[in-house]
$ cat data_18.cif   # mmCIF, C-alpha atoms
data_protein
#
loop_
_atom_site.label_atom_id
_atom_site.label_comp_id
_atom_site.auth_asym_id
_atom_site.auth_seq_id
_atom_site.Cartn_x
_atom_site.Cartn_y
_atom_site.Cartn_z
CA MET U 1 -176.75 -78.87 56.75
CA ALA U 2 -175.11 -77.88 53.50
CA ARG U 3 -173.60 -80.75 51.61
CA PRO U 4 -169.84 -80.55 51.15
CA VAL U 5 -170.01 -80.81 47.37
CA GLN U 6 -172.89 -79.31 45.50
CA PHE U 7 -173.90 -80.07 41.94
CA ASN U 8 -176.39 -78.46 39.62
CA GLU U 9 -176.90 -75.35 41.64
CA LYS U 10 -178.17 -73.41 38.67
CA VAL U 11 -180.99 -75.69 37.69
CA LYS U 12 -183.70 -73.63 36.02
CA MET U 13 -187.16 -74.70 36.99
CA VAL U 14 -190.28 -74.12 35.00
CA GLU U 15 -192.55 -71.60 36.60
CA ILE U 16 -195.48 -73.03 38.47
CA PRO U 17 -198.73 -72.13 36.73
CA LYS U 18 -200.99 -69.68 38.49
CA GLY U 19 -203.34 -71.28 40.99
CA TYR U 20 -204.28 -71.60 44.61
CA SER U 21 -201.93 -73.26 46.98
CA GLY U 22 -202.04 -73.93 50.64
CA GLU U 23 -200.82 -76.39 53.19
CA GLY U 24 -200.40 -79.62 51.24
CA PHE U 25 -202.43 -78.74 48.17
CA PHE U 26 -202.19 -76.81 44.97
CA ALA U 27 -205.11 -76.16 42.68
CA THR U 28 -205.04 -74.89 39.13
CA THR U 29 -206.83 -75.56 35.88
CA PHE U 30 -206.15 -78.48 33.58
CA ASP U 31 -205.40 -76.01 30.79
CA LYS U 32 -202.46 -74.58 32.67
CA ALA U 33 -201.08 -77.76 34.16
CA ILE U 34 -201.32 -79.73 30.94
CA GLY U 35 -200.07 -76.77 28.92
CA ALA U 36 -197.01 -76.46 31.14
CA ALA U 37 -196.34 -80.17 30.85
CA ARG U 38 -196.79 -80.23 27.10
CA LYS U 39 -194.76 -77.18 26.27
CA ASN U 40 -191.74 -78.44 28.14
CA SER U 41 -191.63 -81.87 26.58
CA ILE U 42 -192.42 -81.36 22.93
CA TRP U 43 -191.38 -84.24 20.72
CA PRO U 44 -190.28 -82.81 17.41
CA LEU U 45 -190.43 -84.64 14.12
CA PRO U 46 -187.73 -83.16 11.88
CA PHE U 47 -188.82 -83.14 8.25
CA ALA U 48 -185.59 -81.82 6.81
CA THR U 49 -185.17 -81.66 3.06
CA SER U 50 -182.35 -79.19 2.51
CA CYS U 51 -180.03 -76.58 4.01
CA CYS U 52 -182.44 -75.51 6.75
CA GLY U 53 -182.15 -79.08 7.96
CA ILE U 54 -178.42 -78.53 8.42
CA GLU U 55 -179.14 -75.45 10.53
CA PHE U 56 -181.56 -77.55 12.51
CA MET U 57 -178.84 -80.13 13.13
CA ALA U 58 -176.75 -77.32 14.59
CA THR U 59 -179.74 -76.24 16.65
CA ALA U 60 -180.15 -79.72 18.06
CA ALA U 61 -176.44 -80.23 18.70
CA SER U 62 -174.52 -79.25 21.81
CA HIS U 63 -173.80 -75.61 21.03
CA TYR U 64 -177.39 -74.42 20.65
CA ASP U 65 -178.90 -77.44 22.36
CA LEU U 66 -182.59 -77.73 21.66
CA ALA U 67 -182.68 -80.10 24.64
CA ARG U 68 -182.75 -77.06 26.93
CA PHE U 69 -186.34 -76.60 25.84
CA GLY U 70 -187.35 -80.12 26.64
CA ALA U 71 -187.22 -81.19 23.02
CA GLU U 72 -184.22 -83.44 22.89
CA ARG U 73 -186.31 -86.41 21.94
CA MET U 74 -186.45 -86.33 18.14
CA ALA U 75 -188.70 -89.07 16.95
CA PHE U 76 -188.91 -90.19 13.40
CA THR U 77 -192.35 -91.62 13.69
CA PRO U 78 -195.18 -89.17 13.19
CA ARG U 79 -197.49 -91.12 15.46
CA GLN U 80 -195.56 -90.20 18.59
CA CYS U 81 -194.71 -86.61 17.78
CA ASP U 82 -196.27 -83.31 18.70
CA LEU U 83 -194.41 -80.89 16.48
CA LEU U 84 -193.75 -81.26 12.77
CA MET U 85 -190.70 -79.19 11.88
CA VAL U 86 -190.63 -78.70 8.14
CA MET U 87 -187.22 -77.46 7.10
CA GLY U 88 -186.39 -77.00 3.49
CA THR U 89 -187.80 -76.87 0.01
CA ILE U 90 -190.88 -79.00 -0.48
CA ALA U 91 -191.30 -80.00 -4.11
CA LYS U 92 -194.83 -80.48 -5.37
CA LYS U 93 -194.15 -84.18 -5.56
CA MET U 94 -193.23 -84.17 -1.87
CA GLY U 95 -196.46 -82.35 -0.95
CA PRO U 96 -198.63 -85.48 -0.60
CA VAL U 97 -195.89 -87.15 1.48
CA LEU U 98 -195.74 -84.20 3.85
CA ARG U 99 -199.50 -84.19 4.12
CA GLN U 100 -199.51 -87.91 4.87
CA VAL U 101 -196.96 -87.40 7.63
CA TYR U 102 -199.13 -84.65 9.08
CA LEU U 103 -202.23 -86.83 8.93
CA GLN U 104 -200.43 -89.60 10.77
CA MET U 105 -199.65 -87.36 13.71
CA ALA U 106 -202.03 -87.57 16.64
CA GLU U 107 -203.80 -84.50 17.98
CA PRO U 108 -202.73 -82.17 19.44
CA ARG U 109 -200.15 -81.43 16.77
CA TRP U 110 -198.27 -78.33 15.78
CA VAL U 111 -196.37 -77.36 12.67
CA ILE U 112 -193.44 -75.01 12.28
CA ALA U 113 -192.25 -73.95 8.82
CA VAL U 114 -188.55 -73.19 9.00
CA GLY U 115 -186.98 -71.08 6.31
CA ALA U 116 -188.12 -69.21 3.24
CA CYS U 117 -188.77 -72.31 1.14
CA ALA U 118 -191.06 -74.04 3.59
CA SER U 119 -192.83 -70.75 4.32
CA SER U 120 -193.32 -69.43 0.80
CA GLY U 121 -191.30 -71.41 -1.75
CA GLY U 122 -188.41 -68.99 -1.31
CA VAL U 123 -186.30 -68.39 -4.38
CA PHE U 124 -187.79 -71.46 -6.02
CA ASP U 125 -190.64 -69.64 -7.72
CA THR U 126 -191.01 -72.38 -10.26
CA TYR U 127 -193.25 -75.10 -11.60
CA SER U 128 -191.93 -77.92 -9.47
CA VAL U 129 -191.87 -76.38 -5.99
CA LEU U 130 -194.71 -76.02 -3.53
CA GLN U 131 -195.13 -72.32 -2.81
CA GLY U 132 -195.25 -72.68 0.95
CA ILE U 133 -196.31 -75.73 2.92
CA ASP U 134 -199.42 -73.89 4.09
CA GLN U 135 -200.89 -74.88 0.75
CA VAL U 136 -201.22 -78.45 2.01
CA ILE U 137 -201.15 -78.33 5.82
CA PRO U 138 -201.91 -75.65 8.43
CA VAL U 139 -198.85 -73.97 9.92
CA ASP U 140 -198.54 -72.50 13.42
CA VAL U 141 -195.22 -70.66 13.26
CA TYR U 142 -193.12 -69.45 10.33
CA VAL U 143 -189.40 -68.87 10.76
CA PRO U 144 -187.95 -66.50 8.15
CA GLY U 145 -184.42 -66.78 6.83
CA CYS U 146 -182.54 -68.50 4.06
CA PRO U 147 -181.48 -70.48 5.96
CA PRO U 148 -182.39 -69.12 9.40
CA ARG U 149 -179.73 -69.09 12.07
CA PRO U 150 -180.12 -71.61 14.89
CA GLU U 151 -181.14 -68.69 17.11
CA ALA U 152 -184.04 -68.00 14.78
CA ILE U 153 -185.09 -71.63 14.86
CA LEU U 154 -184.92 -71.53 18.66
CA ASP U 155 -187.02 -68.37 18.62
CA GLY U 156 -189.59 -70.10 16.44
CA PHE U 157 -189.52 -73.06 18.77
CA MET U 158 -190.13 -70.84 21.78
CA ARG U 159 -193.10 -69.30 20.00
CA ILE U 160 -194.44 -72.79 19.47
CA GLN U 161 -193.93 -73.38 23.20
CA GLU U 162 -195.92 -70.25 23.90
CA LEU U 163 -198.76 -71.50 21.73
CA VAL U 164 -198.64 -74.95 23.28
CA GLY U 165 -198.58 -73.61 26.83
CA GLN U 166 -201.54 -71.29 26.29
CA GLU U 167 -203.70 -73.50 24.18
CA SER U 168 -207.16 -74.16 25.52
CA LEU U 169 -207.95 -77.82 25.90
CA ARG U 170 -211.15 -77.21 23.94
CA ARG U 171 -209.46 -75.62 20.95
CA ARG U 172 -209.17 -78.81 18.95
CA HIS U 173 -212.91 -79.43 19.31
CA SER U 174 -213.95 -75.91 18.35
CA ASP U 175 -215.84 -75.14 15.18
CA ARG U 176 -213.14 -72.73 14.15
CA TYR U 177 -210.51 -75.44 14.29
CA LYS U 178 -212.75 -77.83 12.40
CA ASP U 179 -213.31 -75.19 9.74
CA LEU U 180 -209.55 -74.76 9.45
CA MET U 181 -209.08 -78.49 9.00
CA ASN U 182 -211.91 -78.65 6.51
CA SER U 183 -210.34 -75.88 4.49
CA TYR U 184 -207.40 -78.25 4.01
CA GLY U 185 -209.69 -81.18 3.31
CA ILE U 186 -208.72 -82.91 6.55
CA GLN U 187 -211.49 -84.50 8.61
CA MET I 1 -157.21 -97.56 -37.16
CA SER I 2 -158.78 -94.67 -35.41
CA LEU I 3 -162.20 -93.50 -36.35
CA THR I 4 -162.17 -89.94 -37.64
CA ASN I 5 -165.08 -87.57 -37.99
CA ASP I 6 -164.40 -87.30 -41.72
CA TYR I 7 -164.67 -91.04 -42.14
CA ILE I 8 -167.90 -91.24 -40.14
CA LYS I 9 -169.33 -88.45 -42.23
CA GLN I 10 -168.23 -90.16 -45.44
CA ARG I 11 -169.89 -93.43 -44.42
CA LEU I 12 -173.09 -91.64 -43.43
CA VAL I 13 -173.25 -89.72 -46.68
CA GLU I 14 -172.62 -92.91 -48.66
CA LYS I 15 -175.52 -94.57 -46.90
CA PHE I 16 -178.05 -91.77 -46.57
CA GLY I 17 -176.95 -89.25 -49.20
CA GLU I 18 -178.69 -85.90 -49.09
CA GLU I 19 -180.99 -86.87 -46.23
CA LEU I 20 -178.47 -85.87 -43.58
CA THR I 21 -177.77 -82.15 -43.28
CA SER I 22 -176.05 -79.54 -41.14
CA PHE I 23 -172.80 -81.40 -40.60
CA GLU I 24 -170.60 -79.48 -38.22
CA GLU I 25 -167.90 -80.16 -35.67
CA PRO I 26 -168.18 -77.80 -32.69
CA PHE I 27 -165.33 -78.61 -30.28
CA GLY I 28 -164.49 -81.60 -32.45
CA LEU I 29 -167.85 -83.27 -31.86
CA LEU I 30 -169.42 -84.43 -35.11
CA SER I 31 -173.02 -83.18 -35.23
CA PHE I 32 -175.62 -83.53 -37.92
CA THR I 33 -179.34 -83.39 -38.50
CA ALA I 34 -181.53 -86.19 -39.79
CA PRO I 35 -185.17 -86.18 -40.86
CA ALA I 36 -187.40 -87.25 -37.98
CA ALA I 37 -188.61 -90.32 -39.86
CA LEU I 38 -185.05 -91.58 -40.30
CA ASN I 39 -183.81 -91.32 -36.73
CA LEU I 40 -183.99 -95.06 -36.07
CA LYS I 41 -182.50 -96.01 -39.41
CA VAL I 42 -179.52 -93.73 -38.87
CA MET I 43 -178.95 -95.00 -35.34
CA GLN I 44 -179.37 -98.61 -36.40
CA PHE I 45 -176.79 -98.09 -39.13
CA LEU I 46 -174.38 -96.49 -36.70
CA TYR I 47 -175.01 -99.35 -34.27
CA ASP I 48 -174.70 -102.27 -36.66
CA ASP I 49 -171.83 -101.13 -38.82
CA GLU I 50 -168.69 -103.10 -38.00
CA GLU I 51 -166.48 -100.03 -38.19
CA LEU I 52 -168.70 -97.37 -36.67
CA GLN I 53 -170.05 -99.32 -33.67
CA PHE I 54 -171.91 -96.51 -31.93
CA ARG I 55 -173.49 -98.82 -29.39
CA PHE I 56 -173.97 -96.59 -26.39
CA LEU I 57 -176.55 -93.87 -25.95
CA THR I 58 -174.88 -91.28 -23.74
CA ASP I 59 -177.72 -88.81 -23.66
CA LEU I 60 -181.08 -88.08 -25.13
CA THR I 61 -182.76 -84.76 -24.61
CA ALA I 62 -184.94 -82.18 -26.27
CA VAL I 63 -184.66 -78.48 -27.02
CA HIS I 64 -187.41 -76.02 -27.74
CA TYR I 65 -186.78 -73.41 -30.44
CA PRO I 66 -190.01 -71.39 -30.49
CA ASN I 67 -188.88 -69.29 -33.49
CA GLN I 68 -188.28 -72.17 -35.90
CA VAL I 69 -191.80 -72.49 -37.24
CA GLY I 70 -192.60 -76.08 -38.17
CA ALA I 71 -189.49 -77.46 -36.45
CA GLU I 72 -189.82 -76.13 -32.96
CA LEU I 73 -188.74 -79.18 -31.01
CA ALA I 74 -185.34 -80.75 -31.44
CA VAL I 75 -184.53 -84.19 -30.09
CA VAL I 76 -180.82 -84.66 -29.56
CA TYR I 77 -179.06 -88.03 -29.32
CA HIS I 78 -175.50 -88.35 -28.10
CA LEU I 79 -173.96 -91.62 -29.26
CA TYR I 80 -170.68 -93.11 -28.17
CA ASN I 81 -168.30 -95.66 -29.57
CA PHE I 82 -166.61 -97.30 -26.60
CA ARG I 83 -163.96 -99.05 -28.60
CA GLU I 84 -162.67 -95.99 -30.46
CA LYS I 85 -163.71 -93.45 -27.79
CA VAL I 86 -165.57 -91.35 -30.33
CA ARG I 87 -168.77 -89.40 -29.76
CA LEU I 88 -171.29 -87.94 -32.14
CA ARG I 89 -174.47 -85.95 -31.93
CA LEU I 90 -177.61 -86.57 -33.93
CA LYS I 91 -180.44 -84.05 -34.02
CA ILE I 92 -183.92 -84.35 -35.40
CA PHE I 93 -186.56 -81.64 -35.57
CA VAL I 94 -190.30 -82.04 -35.26
CA PRO I 95 -193.14 -79.49 -35.19
CA VAL I 96 -194.47 -78.70 -31.74
CA ALA I 97 -198.02 -79.25 -32.98
CA ALA I 98 -197.35 -82.94 -33.69
CA PRO I 99 -194.13 -83.90 -31.91
CA LYS I 100 -194.05 -87.56 -32.90
CA VAL I 101 -190.69 -89.33 -32.84
CA PHE I 102 -189.95 -93.03 -33.13
CA THR I 103 -188.73 -94.46 -29.85
CA ALA I 104 -185.15 -95.60 -29.50
CA THR I 105 -185.98 -98.05 -26.71
CA LYS I 106 -185.76 -101.04 -29.05
CA LEU I 107 -182.17 -100.14 -29.81
CA PHE I 108 -181.04 -98.76 -26.44
CA GLU I 109 -182.72 -99.79 -23.18
CA SER I 110 -181.38 -96.64 -21.60
CA ALA I 111 -183.57 -94.54 -23.86
CA ASN I 112 -186.59 -95.58 -21.81
CA TRP I 113 -186.21 -93.12 -18.93
CA MET I 114 -184.56 -90.44 -21.03
CA GLU I 115 -187.48 -90.43 -23.43
CA ARG I 116 -189.88 -90.28 -20.52
CA GLU I 117 -187.97 -87.27 -19.26
CA SER I 118 -188.12 -85.58 -22.67
CA TYR I 119 -191.83 -86.29 -22.77
CA ASP I 120 -192.27 -84.96 -19.25
CA PHE I 121 -190.56 -81.64 -19.88
CA TYR I 122 -191.09 -81.03 -23.61
CA GLY I 123 -194.05 -83.18 -24.56
CA VAL I 124 -192.22 -85.13 -27.24
CA GLU I 125 -194.36 -88.16 -28.07
CA PHE I 126 -192.16 -91.18 -28.58
CA VAL I 127 -194.10 -93.54 -30.81
CA GLY I 128 -193.78 -97.13 -29.61
CA HIS I 129 -192.42 -96.28 -26.15
CA PRO I 130 -193.47 -99.02 -23.69
CA ASN I 131 -194.39 -96.70 -20.82
CA LEU I 132 -194.63 -93.09 -21.89
CA LYS I 133 -195.70 -91.19 -18.77
CA ARG I 134 -194.25 -88.45 -16.60
CA ILE I 135 -191.11 -89.42 -14.73
CA LEU I 136 -190.11 -86.41 -12.63
CA ASN I 137 -193.04 -84.04 -12.36
CA VAL I 138 -196.32 -84.66 -10.60
CA ASP I 139 -198.76 -86.70 -12.65
CA GLU I 140 -201.42 -83.99 -12.35
CA MET I 141 -199.32 -81.47 -14.25
CA THR I 142 -201.17 -80.33 -17.35
CA TYR I 143 -198.32 -78.70 -19.26
CA PHE I 144 -194.74 -79.31 -20.33
CA PRO I 145 -192.74 -76.94 -18.17
CA MET I 146 -189.49 -76.63 -20.14
CA ARG I 147 -191.22 -75.41 -23.27
CA LYS I 148 -190.60 -71.75 -23.67
CA GLU I 149 -194.26 -70.92 -24.06
CA PHE I 150 -194.72 -71.43 -20.32
CA PRO I 151 -193.56 -68.87 -17.78
CA LEU I 152 -190.93 -70.10 -15.38
CA GLU I 153 -192.74 -68.87 -12.29
CA ASP I 154 -195.49 -70.78 -10.63
CA GLN I 155 -198.70 -69.04 -11.69
CA THR I 156 -200.73 -70.50 -8.86
CA ARG I 157 -199.25 -68.11 -6.34
CA VAL I 158 -201.52 -65.35 -5.16
CA ASP I 159 -199.27 -63.61 -2.66
CA LYS I 160 -196.73 -62.41 -5.22
CA ASP I 161 -198.70 -59.56 -6.74
CA ASP I 162 -197.89 -57.06 -9.47
CA GLU I 163 -197.07 -54.31 -7.06
CA MET I 164 -194.34 -56.21 -5.30
CA PHE I 165 -193.09 -58.55 -7.99
CA GLY I 166 -193.90 -56.89 -11.29
CA ARG I 167 -196.30 -59.53 -12.46
#
$ encode --input "data_18.cif" --output "structure tokens"
Amino acid sequence: MARPVQFNEKVKMVEIPKGYSGEGFFATTFDKAIGAARKNSIWPLPFATSCCGIEFMATAASHYDLARFGAERMAFTPRQCDLLMVMGTIAKKMGPVLRQVYLQMAEPRWVIAVGACASSGGVFDTYSVLQGIDQVIPVDVYVPGCPPRPEAILDGFMRIQELVGQESLRRRHSDRYKDLMNSYGIQ
Amino acid sequence: MSLTNDYIKQRLVEKFGEELTSFEEPFGLLSFTAPAALNLKVMQFLYDDEELQFRFLTDLTAVHYPNQVGAELAVVYHLYNFREKVRLRLKIFVPVAAPKVFTATKLFESANWMERESYDFYGVEFVGHPNLKRILNVDEMTYFPMRKEFPLEDQTRVDKDDEMFGR
């Protein structure tokens, strides 16, 4: 019987991963189940150093609402976070700090470079500014813009979700990944 | 009695004679040049004198003039007399090949960081400074970025090529 008052009728559910289902069971691969779980509860670590950080604040606030993507839990400890969001100009002196934060994150970890400065140094083509954070840590998604609109940040975030959802559980043990880490001098 | 630029100049000329040059007053600010070896003596005189009393170092910085051969680097001191509310500007010039300047840290504690900054960006060597090392830039930096012999852009970039950026 329908209840007299109904709430939350338009709840959007995450799609069930592909698999075999039958009476009382559902079978799929760990890759898909874990990927679906991970991508919908990413804990971001905002590393905001300038104006892109302000755009990110708008992204996380009610109007754009990053929480819709399961990422409302900002944590300011790298050890608990999955996604390092680097937003803003990184000076060369900040480089080692950023790298340290990245090293403190547990695998699996992802990095998004938001804005022109984090991606390439932006207009700060000068002696004191790191010309893109990919000089010190590997980056998964770059968001262009100076600063990018919250929509662009959300788009970048959804691309991260795509990567997270489709990532093979063996990727982090692969030789290719180890080579990537070694190229940054990370063991 | 208010302290006028003419009087300050008169006292300085009495004390140091021909050593001080290039007296001028842009925007009413008394400016002059001293030989590099005399910078401390001039400042000490301005500090100790009962009438002058320039006992506050407002600013200390450097300027690079690549075309003045033999006197490429200028070190500029801004001094202030709190009692009379009078400022003055003292410049000294040193060659970029041997930019040695006596430190003002014995006279003004505030000169410590400002001299480190001038060293960091211009490579001025302050003789006698207690801790002369880079203050703002990364320690690994091998050059003095505000000197005009260095290009402003970061030369370590590989993605900005000639075709796109006119390098």
$ interface_residues --input "data_18.cif" --of "chain U" --to "chain I" --cutoff "10 Å" --atoms "all atoms listed in the file" --output "list in words"
Ala91, Lys92, Lys93, Met94, Gly95, Ser120, Gly121, Phe124, Asp125, Thr126, Tyr127, Ser128, Val129, Leu130, Gln131, Gly132 and Gln135 of chain U
$ closest_atom_pairs --input "data_18.cif" --of "stretch 74-99 of chain U" --to "stretch 42-50 of chain U" --cutoff "8 Å" --atoms "all atoms listed in the file" --output "JSON lines"
{"residue": "U:Met74", "atom": "CA", "partner": "U:Pro44", "partner_atom": "CA", "distance": 5.3}
{"residue": "U:Ala75", "atom": "CA", "partner": "U:Leu45", "partner_atom": "CA", "distance": 5.5}
{"residue": "U:Phe76", "atom": "CA", "partner": "U:Leu45", "partner_atom": "CA", "distance": 5.8}
{"residue": "U:Thr77", "atom": "CA", "partner": "U:Leu45", "partner_atom": "CA", "distance": 7.3}
{"residue": "U:Pro78", "atom": "CA", "partner": "U:Leu45", "partner_atom": "CA", "distance": 6.6}
{"residue": "U:Gln80", "atom": "CA", "partner": "U:Trp43", "partner_atom": "CA", "distance": 7.6}
{"residue": "U:Cys81", "atom": "CA", "partner": "U:Trp43", "partner_atom": "CA", "distance": 5.0}
{"residue": "U:Asp82", "atom": "CA", "partner": "U:Trp43", "partner_atom": "CA", "distance": 5.4}
{"residue": "U:Leu83", "atom": "CA", "partner": "U:Pro44", "partner_atom": "CA", "distance": 4.6}
{"residue": "U:Leu84", "atom": "CA", "partner": "U:Leu45", "partner_atom": "CA", "distance": 4.9}
{"residue": "U:Met85", "atom": "CA", "partner": "U:Pro46", "partner_atom": "CA", "distance": 5.0}
{"residue": "U:Val86", "atom": "CA", "partner": "U:Phe47", "partner_atom": "CA", "distance": 4.8}
{"residue": "U:Met87", "atom": "CA", "partner": "U:Ala48", "partner_atom": "CA", "distance": 4.7}
{"residue": "U:Gly88", "atom": "CA", "partner": "U:Ser50", "partner_atom": "CA", "distance": 4.7}
{"residue": "U:Thr89", "atom": "CA", "partner": "U:Thr49", "partner_atom": "CA", "distance": 6.3}
{"residue": "U:Ile90", "atom": "CA", "partner": "U:Thr49", "partner_atom": "CA", "distance": 7.2}
$ atom_distance --input "data_18.cif" --atom1 "atom CA of I:Val94" --atom2 "atom CA of I:Gly123"
11.4 Å
$ resolve_selection --input "data_18.cif" --expression "the PyMOL selection byres ((chain I and resi 106-109) around 9)" --output "VMD selection string"
chain I and resid 40 43 to 44 47 55 to 57 103 to 105 110 to 113 128 to 129
$ closest_residue --input "data_18.cif" --among "I:Ala36, I:Leu29, I:Leu79, I:Leu46" --to "I:Ile92" --atoms "all atoms listed in the file"
I:Ala36
$ residues_around --input "data_18.cif" --residues "I:Phe126" --least-positions-apart "5" --cutoff "10 Å" --atoms "all atoms listed in the file" --output "list in words"
Pro99, Lys100, Val101, Phe102, Thr103, Ala104, Thr105, Asn112, Glu115, Arg116, Ser118, Tyr119, Asn131 and Leu132 of chain I
$ resolve_selection --input "data_18.cif" --expression "the PyMOL selection byres ((chain U and resi 54) around 12)" --output "PyMOL selection string"
chain U and resi 46-53+55-61+87-88+114-115+146-150+153
